[in-house]
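Shown below: input_7.pdb, with PDB, C-alpha atoms.
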MODEL        1
ATOM      1  CA  MET U   1      90.224  93.589 -16.500
ATOM      2  CA  TYR U   2      87.007  95.533 -17.014
ATOM      3  CA  THR U   3      88.407  98.587 -18.761
ATOM      4  CA  THR U   4      86.559  99.678 -21.888
ATOM      5  CA  ARG U   5      89.292  98.238 -24.095
ATOM      6  CA  GLU U   6      89.409  94.889 -22.323
ATOM      7  CA  ILE U   7      85.636  94.566 -22.270
ATOM      8  CA  GLY U   8      85.673  95.054 -26.035
ATOM      9  CA  ARG U   9      88.254  92.302 -26.462
ATOM     10  CA  ILE U  10      86.422  89.898 -24.172
ATOM     11  CA  SER U  11      83.083  90.581 -25.865
ATOM     12  CA  HIS U  12      84.641  89.936 -29.277
ATOM     13  CA  CYS U  13      86.124  86.647 -28.086
ATOM     14  CA  PHE U  14      82.757  85.597 -26.681
ATOM     15  CA  ASP U  15      81.073  86.390 -30.012
ATOM     16  CA  THR U  16      83.431  83.969 -31.718
ATOM     17  CA  PHE U  17      83.114  81.351 -28.983
ATOM     18  CA  TYR U  18      79.351  81.239 -28.781
ATOM     19  CA  ARG U  19      78.953  80.943 -32.553
ATOM     20  CA  GLN U  20      81.863  78.620 -33.396
ATOM     21  CA  GLY U  21      81.910  76.564 -30.207
ATOM     22  CA  GLY U  22      84.684  75.519 -27.903
ATOM     23  CA  PHE U  23      86.632  72.804 -29.735
ATOM     24  CA  PRO U  24      90.283  73.906 -29.219
ATOM     25  CA  GLU U  25      91.478  72.070 -32.327
ATOM     26  CA  SER U  26      89.174  74.159 -34.513
ATOM     27  CA  LEU U  27      91.456  77.188 -33.966
ATOM     28  CA  ARG U  28      94.060  75.545 -36.194
ATOM     29  CA  PHE U  29      91.708  75.550 -39.181
ATOM     30  CA  SER U  30      90.889  78.426 -41.525
ATOM     31  CA  SER U  31      87.245  77.349 -41.338
ATOM     32  CA  PRO U  32      86.331  76.268 -37.785
ATOM     33  CA  ARG U  33      82.849  75.367 -39.019
ATOM     34  CA  ASP U  34      84.309  72.738 -41.368
ATOM     35  CA  TYR U  35      86.202  71.211 -38.464
ATOM     36  CA  VAL U  36      83.079  71.106 -36.286
ATOM     37  CA  GLU U  37      81.097  69.583 -39.160
ATOM     38  CA  ASN U  38      83.750  66.858 -39.409
ATOM     39  CA  VAL U  39      83.501  66.175 -35.670
ATOM     40  CA  TYR U  40      79.729  65.956 -35.921
ATOM     41  CA  GLN U  41      79.856  63.485 -38.804
ATOM     42  CA  LYS U  42      82.337  61.294 -36.923
ATOM     43  CA  VAL U  43      80.122  61.239 -33.858
ATOM     44  CA  LEU U  44      76.957  60.637 -35.882
ATOM     45  CA  LEU U  45      78.341  57.955 -38.195
ATOM     46  CA  GLY U  46      80.943  56.401 -35.919
ATOM     47  CA  ASP U  47      79.997  56.763 -32.271
ATOM     48  CA  ILE U  48      76.273  56.372 -32.919
ATOM     49  CA  ALA U  49      75.319  54.791 -36.262
ATOM     50  CA  ALA U  50      78.156  52.288 -36.674
ATOM     51  CA  ARG U  51      78.327  51.318 -33.005
ATOM     52  CA  HIS U  52      74.623  50.537 -32.895
ATOM     53  CA  ASN U  53      74.363  49.044 -36.393
ATOM     54  CA  MET U  54      71.743  51.540 -37.516
ATOM     55  CA  ARG U  55      69.938  50.934 -40.771
ATOM     56  CA  ASN U  56      68.189  54.294 -41.042
ATOM     57  CA  VAL U  57      70.979  56.842 -40.631
ATOM     58  CA  ASP U  58      68.990  59.447 -42.551
ATOM     59  CA  ALA U  59      66.254  59.349 -39.904
ATOM     60  CA  LEU U  60      68.910  59.924 -37.246
ATOM     61  CA  ARG U  61      70.222  62.964 -39.144
ATOM     62  CA  VAL U  62      66.739  64.451 -39.443
ATOM     63  CA  LEU U  63      65.997  63.738 -35.782
ATOM     64  CA  MET U  64      69.096  65.656 -34.672
ATOM     65  CA  LYS U  65      68.046  68.563 -36.885
ATOM     66  CA  LYS U  66      64.580  68.572 -35.327
ATOM     67  CA  VAL U  67      66.059  68.416 -31.818
ATOM     68  CA  ALA U  68      68.174  71.472 -32.677
ATOM     69  CA  GLY U  69      64.974  73.323 -33.479
ATOM     70  CA  THR U  70      63.605  72.612 -29.985
ATOM     71  CA  VAL U  71      66.623  73.807 -27.989
ATOM     72  CA  ARG U  72      64.708  76.589 -26.212
ATOM     73  CA  ASN U  73      61.661  74.411 -25.476
ATOM     74  CA  GLU U  74      60.795  71.086 -23.918
ATOM     75  CA  ALA U  75      60.451  68.218 -26.394
ATOM     76  CA  SER U  76      58.645  64.953 -25.693
ATOM     77  CA  PHE U  77      59.426  61.697 -27.450
ATOM     78  CA  SER U  78      55.868  61.708 -28.802
ATOM     79  CA  THR U  79      56.325  65.155 -30.343
ATOM     80  CA  LEU U  80      59.602  64.191 -31.992
ATOM     81  CA  HIS U  81      58.133  60.901 -33.203
ATOM     82  CA  ASN U  82      55.117  62.629 -34.726
ATOM     83  CA  THR U  83      57.329  65.244 -36.379
ATOM     84  CA  LEU U  84      59.377  62.555 -38.123
ATOM     85  CA  ARG U  85      56.302  60.560 -39.077
ATOM     86  CA  ASN U  86      54.680  63.639 -40.619
ATOM     87  CA  ILE U  87      57.619  64.115 -42.978
ATOM     88  CA  GLY U  88      57.734  60.480 -44.029
ATOM     89  CA  TYR U  89      60.031  58.683 -41.604
ATOM     90  CA  GLY U  90      58.175  55.599 -40.402
ATOM     91  CA  ILE U  91      60.294  54.799 -37.376
ATOM     92  CA  SER U  92      58.682  53.818 -34.091
ATOM     93  CA  LYS U  93      58.539  55.903 -30.931
ATOM     94  CA  ASP U  94      60.807  53.348 -29.251
ATOM     95  CA  THR U  95      63.367  53.930 -32.005
ATOM     96  CA  VAL U  96      63.220  57.686 -31.419
ATOM     97  CA  ILE U  97      63.807  57.054 -27.706
ATOM     98  CA  ALA U  98      66.759  54.820 -28.529
ATOM     99  CA  TYR U  99      68.291  57.338 -30.964
ATOM    100  CA  ILE U 100      68.076  60.145 -28.385
ATOM    101  CA  GLY U 101      69.693  57.867 -25.823
ATOM    102  CA  TYR U 102      72.531  57.034 -28.208
ATOM    103  CA  ALA U 103      73.124  60.751 -28.880
ATOM    104  CA  GLN U 104      73.365  61.382 -25.142
ATOM    105  CA  GLU U 105      75.750  58.457 -24.648
ATOM    106  CA  ALA U 106      77.970  59.917 -27.377
ATOM    107  CA  TYR U 107      77.948  63.335 -25.593
ATOM    108  CA  LEU U 108      76.263  64.968 -28.556
ATOM    109  CA  LEU U 109      73.233  65.940 -26.443
ATOM    110  CA  PHE U 110      72.329  66.327 -22.801
ATOM    111  CA  SER U 111      68.966  66.978 -21.187
ATOM    112  CA  ILE U 112      67.538  69.255 -18.499
ATOM    113  CA  THR U 113      64.407  68.241 -16.617
ATOM    114  CA  ASN U 114      61.535  70.304 -15.273
ATOM    115  CA  ALA U 115      61.765  71.196 -11.572
ATOM    116  CA  THR U 116      58.002  71.390 -11.143
ATOM    117  CA  ALA U 117      58.033  68.974  -8.190
ATOM    118  CA  LYS U 118      58.459  72.055  -5.997
ATOM    119  CA  PHE U 119      55.088  73.276  -7.230
ATOM    120  CA  VAL U 120      53.213  70.018  -6.640
ATOM    121  CA  GLU U 121      53.472  69.070 -10.290
ATOM    122  CA  ARG U 122      55.285  66.255 -12.022
ATOM    123  CA  GLU U 123      54.780  67.081 -15.648
ATOM    124  CA  GLY U 124      56.728  68.318 -18.612
ATOM    125  CA  SER U 125      59.306  66.897 -20.954
ATOM    126  CA  PRO U 126      63.057  67.518 -20.889
ATOM    127  CA  LYS U 127      64.843  70.198 -22.818
ATOM    128  CA  TYR U 128      67.600  68.826 -25.047
ATOM    129  CA  CYS U 129      70.774  70.849 -25.503
ATOM    130  CA  PHE U 130      73.838  70.323 -27.669
ATOM    131  CA  SER U 131      77.126  69.808 -25.851
ATOM    132  CA  ASP U 132      78.829  72.542 -27.891
ATOM    133  CA  ASN U 133      77.465  75.632 -29.623
ATOM    134  CA  GLY U 134      79.473  74.876 -32.744
ATOM    135  CA  LEU U 135      77.450  71.672 -33.153
ATOM    136  CA  LEU U 136      74.139  73.442 -32.634
ATOM    137  CA  ASN U 137      75.090  76.228 -35.039
ATOM    138  CA  LEU U 138      75.417  73.700 -37.856
ATOM    139  CA  PHE U 139      71.610  73.604 -37.896
ATOM    140  CA  LEU U 140      70.620  77.206 -37.168
ATOM    141  CA  PHE U 141      70.274  80.379 -39.194
ATOM    142  CA  ASP U 142      70.105  83.702 -37.318
ATOM    143  CA  ARG U 143      69.012  82.090 -34.045
ATOM    144  CA  GLU U 144      70.947  84.288 -31.624
ATOM    145  CA  THR U 145      68.773  83.551 -28.586
ATOM    146  CA  ALA U 146      68.962  79.788 -29.159
ATOM    147  CA  LEU U 147      72.762  79.955 -29.236
ATOM    148  CA  LEU U 148      72.860  82.116 -26.113
ATOM    149  CA  GLU U 149      70.523  79.805 -24.201
ATOM    150  CA  ASN U 150      72.390  76.682 -25.290
ATOM    151  CA  GLU U 151      75.719  78.191 -24.213
ATOM    152  CA  MET U 152      74.298  78.996 -20.780
ATOM    153  CA  ALA U 153      73.003  75.425 -20.558
ATOM    154  CA  VAL U 154      76.432  74.021 -21.404
ATOM    155  CA  ALA U 155      78.202  76.216 -18.857
ATOM    156  CA  LEU U 156      75.686  75.595 -16.073
ATOM    157  CA  PHE U 157      75.577  71.852 -16.741
ATOM    158  CA  ASP U 158      79.386  71.732 -16.601
ATOM    159  CA  ARG U 159      79.246  73.537 -13.256
ATOM    160  CA  PHE U 160      76.205  71.961 -11.592
ATOM    161  CA  GLY U 161      75.615  68.680 -13.456
ATOM    162  CA  GLU U 162      72.322  66.888 -12.831
ATOM    163  CA  SER U 163      71.262  69.588 -10.339
ATOM    164  CA  LEU U 164      70.479  71.870 -13.287
ATOM    165  CA  ARG U 165      66.747  72.173 -13.980
ATOM    166  CA  TYR U 166      64.298  74.426 -15.758
ATOM    167  CA  ILE U 167      60.839  75.492 -14.584
ATOM    168  CA  LYS U 168      57.689  75.583 -16.655
ATOM    169  CA  SER U 169      54.526  75.408 -14.602
ATOM    170  CA  SER U 170      50.997  75.682 -15.964
ATOM    171  CA  LYS U 171      49.629  76.175 -12.441
ATOM    172  CA  THR U 172      51.846  79.111 -11.481
ATOM    173  CA  GLY U 173      52.625  80.487 -14.932
ATOM    174  CA  ILE U 174      56.323  80.543 -14.046
ATOM    175  CA  ASP U 175      58.706  79.910 -16.940
ATOM    176  CA  VAL U 176      62.409  80.027 -16.024
ATOM    177  CA  ASP U 177      65.173  78.792 -18.302
ATOM    178  CA  PHE U 178      67.558  77.468 -15.640
ATOM    179  CA  TYR U 179      67.211  76.762 -11.940
ATOM    180  CA  ILE U 180      69.654  75.190  -9.486
ATOM    181  CA  PRO U 181      67.726  74.822  -6.207
ATOM    182  CA  GLU U 182      70.782  73.734  -4.197
ATOM    183  CA  ALA U 183      72.662  76.864  -5.240
ATOM    184  CA  GLY U 184      69.640  79.153  -4.989
ATOM    185  CA  LEU U 185      70.383  80.344  -8.528
ATOM    186  CA  ALA U 186      67.801  81.072 -11.235
ATOM    187  CA  VAL U 187      68.853  82.247 -14.692
ATOM    188  CA  GLN U 188      67.005  83.574 -17.713
ATOM    189  CA  ALA U 189      68.766  83.755 -21.094
ATOM    190  CA  ALA U 190      67.618  86.571 -23.381
ATOM    191  CA  HIS U 191      69.451  88.223 -26.249
ATOM    192  CA  SER U 192      67.937  91.507 -25.066
ATOM    193  CA  ILE U 193      65.382  92.639 -22.483
ATOM    194  CA  ALA U 194      64.192  95.583 -24.541
ATOM    195  CA  GLY U 195      60.446  96.045 -24.946
ATOM    196  CA  GLU U 196      58.103  93.237 -23.911
ATOM    197  CA  ALA U 197      61.014  90.907 -23.138
ATOM    198  CA  ARG U 198      61.778  92.904 -20.003
ATOM    199  CA  GLU U 199      58.502  92.059 -18.301
ATOM    200  CA  ARG U 200      58.663  88.434 -19.412
ATOM    201  CA  GLU U 201      62.210  87.710 -18.264
ATOM    202  CA  VAL U 202      62.287  89.808 -15.093
ATOM    203  CA  GLY U 203      58.675  89.032 -14.158
ATOM    204  CA  ASN U 204      59.215  85.271 -14.177
ATOM    205  CA  LEU U 205      62.213  85.554 -11.864
ATOM    206  CA  VAL U 206      60.341  87.854  -9.461
ATOM    207  CA  ARG U 207      57.389  85.437  -9.279
ATOM    208  CA  LEU U 208      59.760  82.520  -8.661
ATOM    209  CA  SER U 209      61.435  84.381  -5.800
ATOM    210  CA  GLN U 210      58.069  85.182  -4.249
ATOM    211  CA  MET U 211      56.969  81.534  -4.377
ATOM    212  CA  ASP U 212      60.274  79.847  -3.569
ATOM    213  CA  GLY U 213      62.383  81.434  -0.863
ATOM    214  CA  SER U 214      65.414  79.329  -1.809
ATOM    215  CA  ALA U 215      65.823  81.303  -5.062
ATOM    216  CA  LYS U 216      68.321  83.823  -3.688
ATOM    217  CA  ARG U 217      70.205  84.937  -6.789
ATOM    218  CA  LEU U 218      68.219  85.920  -9.867
ATOM    219  CA  VAL U 219      70.039  86.671 -13.117
ATOM    220  CA  VAL U 220      69.007  87.599 -16.638
ATOM    221  CA  VAL U 221      71.919  86.807 -18.966
ATOM    222  CA  THR U 222      71.903  88.951 -22.113
ATOM    223  CA  LYS U 223      74.179  89.482 -25.063
ATOM    224  CA  GLU U 224      75.355  92.949 -24.001
ATOM    225  CA  GLU U 225      73.011  94.649 -21.522
ATOM    226  CA  GLU U 226      73.839  95.208 -17.852
ATOM    227  CA  GLU U 227      71.838  96.733 -15.002
ATOM    228  CA  THR U 228      70.176  95.900 -11.684
ATOM    229  CA  VAL U 229      66.381  95.751 -11.504
ATOM    230  CA  GLU U 230      64.539  96.149  -8.187
ATOM    231  CA  ARG U 231      60.897  95.086  -8.176
ATOM    232  CA  ASP U 232      58.579  94.325  -5.267
ATOM    233  CA  GLY U 233      61.547  93.955  -2.953
ATOM    234  CA  VAL U 234      63.264  91.482  -5.302
ATOM    235  CA  ARG U 235      66.653  92.164  -6.874
ATOM    236  CA  VAL U 236      67.377  90.885 -10.377
ATOM    237  CA  GLU U 237      70.830  91.146 -11.946
ATOM    238  CA  VAL U 238      71.065  91.750 -15.689
ATOM    239  CA  MET U 239      74.490  91.059 -17.148
ATOM    240  CA  PRO U 240      76.212  90.164 -20.421
ATOM    241  CA  ALA U 241      76.865  86.476 -20.986
ATOM    242  CA  TRP U 242      80.658  86.815 -21.046
ATOM    243  CA  LYS U 243      80.631  88.401 -17.584
ATOM    244  CA  PHE U 244      78.377  85.702 -16.181
ATOM    245  CA  LEU U 245      80.618  82.976 -17.577
ATOM    246  CA  LEU U 246      83.750  84.551 -16.153
ATOM    247  CA  GLY U 247      82.089  84.866 -12.747
ATOM    248  CA  GLU U 248      79.411  82.372 -11.741
ATOM    249  CA  CYS U 249      80.544  79.593 -14.068
ATOM    250  CA  ALA U 250      84.312  80.153 -13.912
TER     251      ALA U 250
ENDMDL
END

For this file, write the structure as structure tokens.
Amino acid sequence: MYTTREIGRISHCFDTFYRQGGFPESLRFSSPRDYVENVYQKVLLGDIAARHNMRNVDALRVLMKKVAGTVRNEASFSTLHNTLRNIGYGISKDTVIAYIGYAQEAYLLFSITNATAKFVEREGSPKYCFSDNGLLNLFLFDRETALLENEMAVALFDRFGESLRYIKSSKTGIDVDFYIPEAGLAVQAAHSIAGEAREREVGNLVRLSQMDGSAKRLVVVTKEEEETVERDGVRVEVMPAWKFLLGECA
């Protein structure tokens, strides 16, 4: 399967998939984006707004847009509430909490929590991810890394469910995109590890391995790059996203 020709075909298919999303029905349309937009509006207006008798649908729309902008970072309810308040939406923090909950119930969003309990910390807010890259891409412009990270989140959450975590620790300085302690798997998502990104992505995984012996497999998922990095007795795999998805998350 991994001949040069087949790799080219698979890579091309992944390019389409991670930008347009995975709704099978969208393949029947000349504009998959229009189909995904229609799905989003049905979920937003039907499964969320109408079901919960919302009065301020515009605030819900803006909130989802702001959540999309936080995909690669943790986002507290307070931060989201303040962001909406600063642009003129006078909804309460409790309403923001409720709206996020409704979006999760409708399978528009899911969350990943911080696994800092292993480092004697219980701090940090969840990361919110969209259940399909096509939905997230409705809000983004030239955000390749955000799409790559969200796609890894979707695939890993499908595979490992609530066991999926991230790590961001102020005490240790470790910042890892995805961690599944039970599987001993830690994953960084980076469009490329060229330049300074190499030290950041690889270094965080090496430090995690040195502090947590259960982290057995360390992977940096990239758009195209592939190699094996050995540092301080720690082995880090670097591989293209399509290969990771066909292997670990198949």

Would you pick out the contacts of Ser163 (chain U) at 12 Å or less, using all atoms listed in the file, so that residues sharing its chain but fewer than 5 positions from it are not included, and give the list as an MDAnalysis selection string?
chainID U and resid 111:115 153 156:158 178:185

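Running the PyMOL selection byres ((chain U and resi 32) around 12) on this file leaves Thr16, Phe17, Arg19, Gln20, Gly21, Gly22, Phe23, Pro24, Glu25, Ser26, Leu27, Arg28, Phe29, Ser30, Ser31, Arg33, Asp34, Tyr35, Val36, Glu37, Asn38, Val39, Gly134, Leu135, Asn137 and Leu138 of chain U selected.
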
How would you write, as a compact mmCIF listing (two decimals) with C-alpha atoms, keeping the file's coordinate frame, the residues chosen by the PyMOL selection byres ((chain U and resi 187) around 7) on this structure?
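selection-v8.txt written:
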# COMPACT_ATOMS: atom_id res chain seq x y z
CA VAL U 176 62.41 80.03 -16.02
CA ASP U 177 65.17 78.79 -18.30
CA PHE U 178 67.56 77.47 -15.64
CA TYR U 179 67.21 76.76 -11.94
CA LEU U 185 70.38 80.34 -8.53
CA ALA U 186 67.80 81.07 -11.24
CA GLN U 188 67.00 83.57 -17.71
CA ALA U 189 68.77 83.76 -21.09
CA LEU U 218 68.22 85.92 -9.87
CA VAL U 219 70.04 86.67 -13.12
CA VAL U 220 69.01 87.60 -16.64
CA VAL U 221 71.92 86.81 -18.97

Applying 12 Å and only C-alpha atoms, which residues near Tyr99 (chain U) remain after dropping the ones on its own chain fewer than 3 positions away? List them as number ranges by chain.
U: 44, 47-49, 51-64, 67, 77, 80-81, 91-96, 102-106, 108-109

Please, could you write that set of residues out with C-alpha atoms as a compact mmCIF listing (two decimals), in the frame of the given file?
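Wrote it out as selection-v2.txt, contents follow:
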# COMPACT_ATOMS: atom_id res chain seq x y z
CA LEU U 44 76.96 60.64 -35.88
CA ASP U 47 80.00 56.76 -32.27
CA ILE U 48 76.27 56.37 -32.92
CA ALA U 49 75.32 54.79 -36.26
CA ARG U 51 78.33 51.32 -33.01
CA HIS U 52 74.62 50.54 -32.90
CA ASN U 53 74.36 49.04 -36.39
CA MET U 54 71.74 51.54 -37.52
CA ARG U 55 69.94 50.93 -40.77
CA ASN U 56 68.19 54.29 -41.04
CA VAL U 57 70.98 56.84 -40.63
CA ASP U 58 68.99 59.45 -42.55
CA ALA U 59 66.25 59.35 -39.90
CA LEU U 60 68.91 59.92 -37.25
CA ARG U 61 70.22 62.96 -39.14
CA VAL U 62 66.74 64.45 -39.44
CA LEU U 63 66.00 63.74 -35.78
CA MET U 64 69.10 65.66 -34.67
CA VAL U 67 66.06 68.42 -31.82
CA PHE U 77 59.43 61.70 -27.45
CA LEU U 80 59.60 64.19 -31.99
CA HIS U 81 58.13 60.90 -33.20
CA ILE U 91 60.29 54.80 -37.38
CA SER U 92 58.68 53.82 -34.09
CA LYS U 93 58.54 55.90 -30.93
CA ASP U 94 60.81 53.35 -29.25
CA THR U 95 63.37 53.93 -32.01
CA VAL U 96 63.22 57.69 -31.42
CA TYR U 102 72.53 57.03 -28.21
CA ALA U 103 73.12 60.75 -28.88
CA GLN U 104 73.36 61.38 -25.14
CA GLU U 105 75.75 58.46 -24.65
CA ALA U 106 77.97 59.92 -27.38
CA LEU U 108 76.26 64.97 -28.56
CA LEU U 109 73.23 65.94 -26.44

Residues selected by the PyMOL selection byres ((chain U and resi 237) around 12), written as an MDAnalysis selection string
chainID U and resid 185:189 193 201:202 205:206 216:222 225:231 234:236 238:241 243:244

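Remark: for Thr79 (chain U), the closest of the candidate residues U:Gly213, U:Gly161, U:Gly233, U:Pro126 is U:Pro126 (distances computed over only C-alpha atoms).
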
To one decimal place, how far is CA of Ile10 (chain U) from CA of Phe110 (chain U) in Å?
27.5 Å

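For the atom pair formed by CA of Gly195 (chain U) and CA of Met152 (chain U), the distance is 22.4 Å, given to one decimal.
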
Counting all atoms listed in the file, the residue among U:Arg207, U:His12, U:Lys168, U:Arg159 that lies closest to Asn73 (chain U) is U:Lys168

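One distance worth recording is that between CA of Glu74 (chain U) and CA of Ala155 (chain U), which is 18.8 Å.
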
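Of the residues under consideration (U:Tyr18, U:Trp242, U:Tyr2, U:Phe160), U:Tyr18 shows the shortest atom-to-atom contact distance to Ala146 (chain U) when counting all atoms listed in the file.
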
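For the point (67.4, 83.9, -26.2), the residues with an atom at a distance of at most 7 Å are U:Glu144, U:Thr145, U:Ala146, U:Leu148, U:Glu149, U:Ala189, U:Ala190, U:His191, counting all atoms listed in the file.
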
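With distances taken over all atoms listed in the file, U:Ile97 is the one residue among U:Asp212, U:Ile7, U:Lys66, U:Ile97 lying closest to Ser78 (chain U).
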
Pull C-alpha atoms for region 61-77 of chain U from the block and write them as a PDB file, in the first residue's frame.
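Once everything was written out, this is out25.pdb:
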ATOM      1  CA  ARG U  61     -23.841  31.597  16.855  1.00  0.00           C
ATOM      2  CA  VAL U  62     -21.133  33.958  18.089  1.00  0.00           C
ATOM      3  CA  LEU U  63     -20.251  31.629  20.962  1.00  0.00           C
ATOM      4  CA  MET U  64     -19.679  28.722  18.567  1.00  0.00           C
ATOM      5  CA  LYS U  65     -17.468  30.961  16.434  1.00  0.00           C
ATOM      6  CA  LYS U  66     -15.424  31.945  19.483  1.00  0.00           C
ATOM      7  CA  VAL U  67     -15.115  28.303  20.562  1.00  0.00           C
ATOM      8  CA  ALA U  68     -13.767  27.487  17.088  1.00  0.00           C
ATOM      9  CA  GLY U  69     -11.039  30.043  17.668  1.00  0.00           C
ATOM     10  CA  THR U  70      -9.929  28.237  20.846  1.00  0.00           C
ATOM     11  CA  VAL U  71      -9.648  24.730  19.382  1.00  0.00           C
ATOM     12  CA  ARG U  72      -5.905  24.435  20.062  1.00  0.00           C
ATOM     13  CA  ASN U  73      -6.139  25.894  23.582  1.00  0.00           C
ATOM     14  CA  GLU U  74      -8.050  25.391  26.795  1.00  0.00           C
ATOM     15  CA  ALA U  75     -11.077  27.659  27.209  1.00  0.00           C
ATOM     16  CA  SER U  76     -12.787  28.411  30.514  1.00  0.00           C
ATOM     17  CA  PHE U  77     -16.416  29.430  30.821  1.00  0.00           C
TER      18      PHE U  77
END
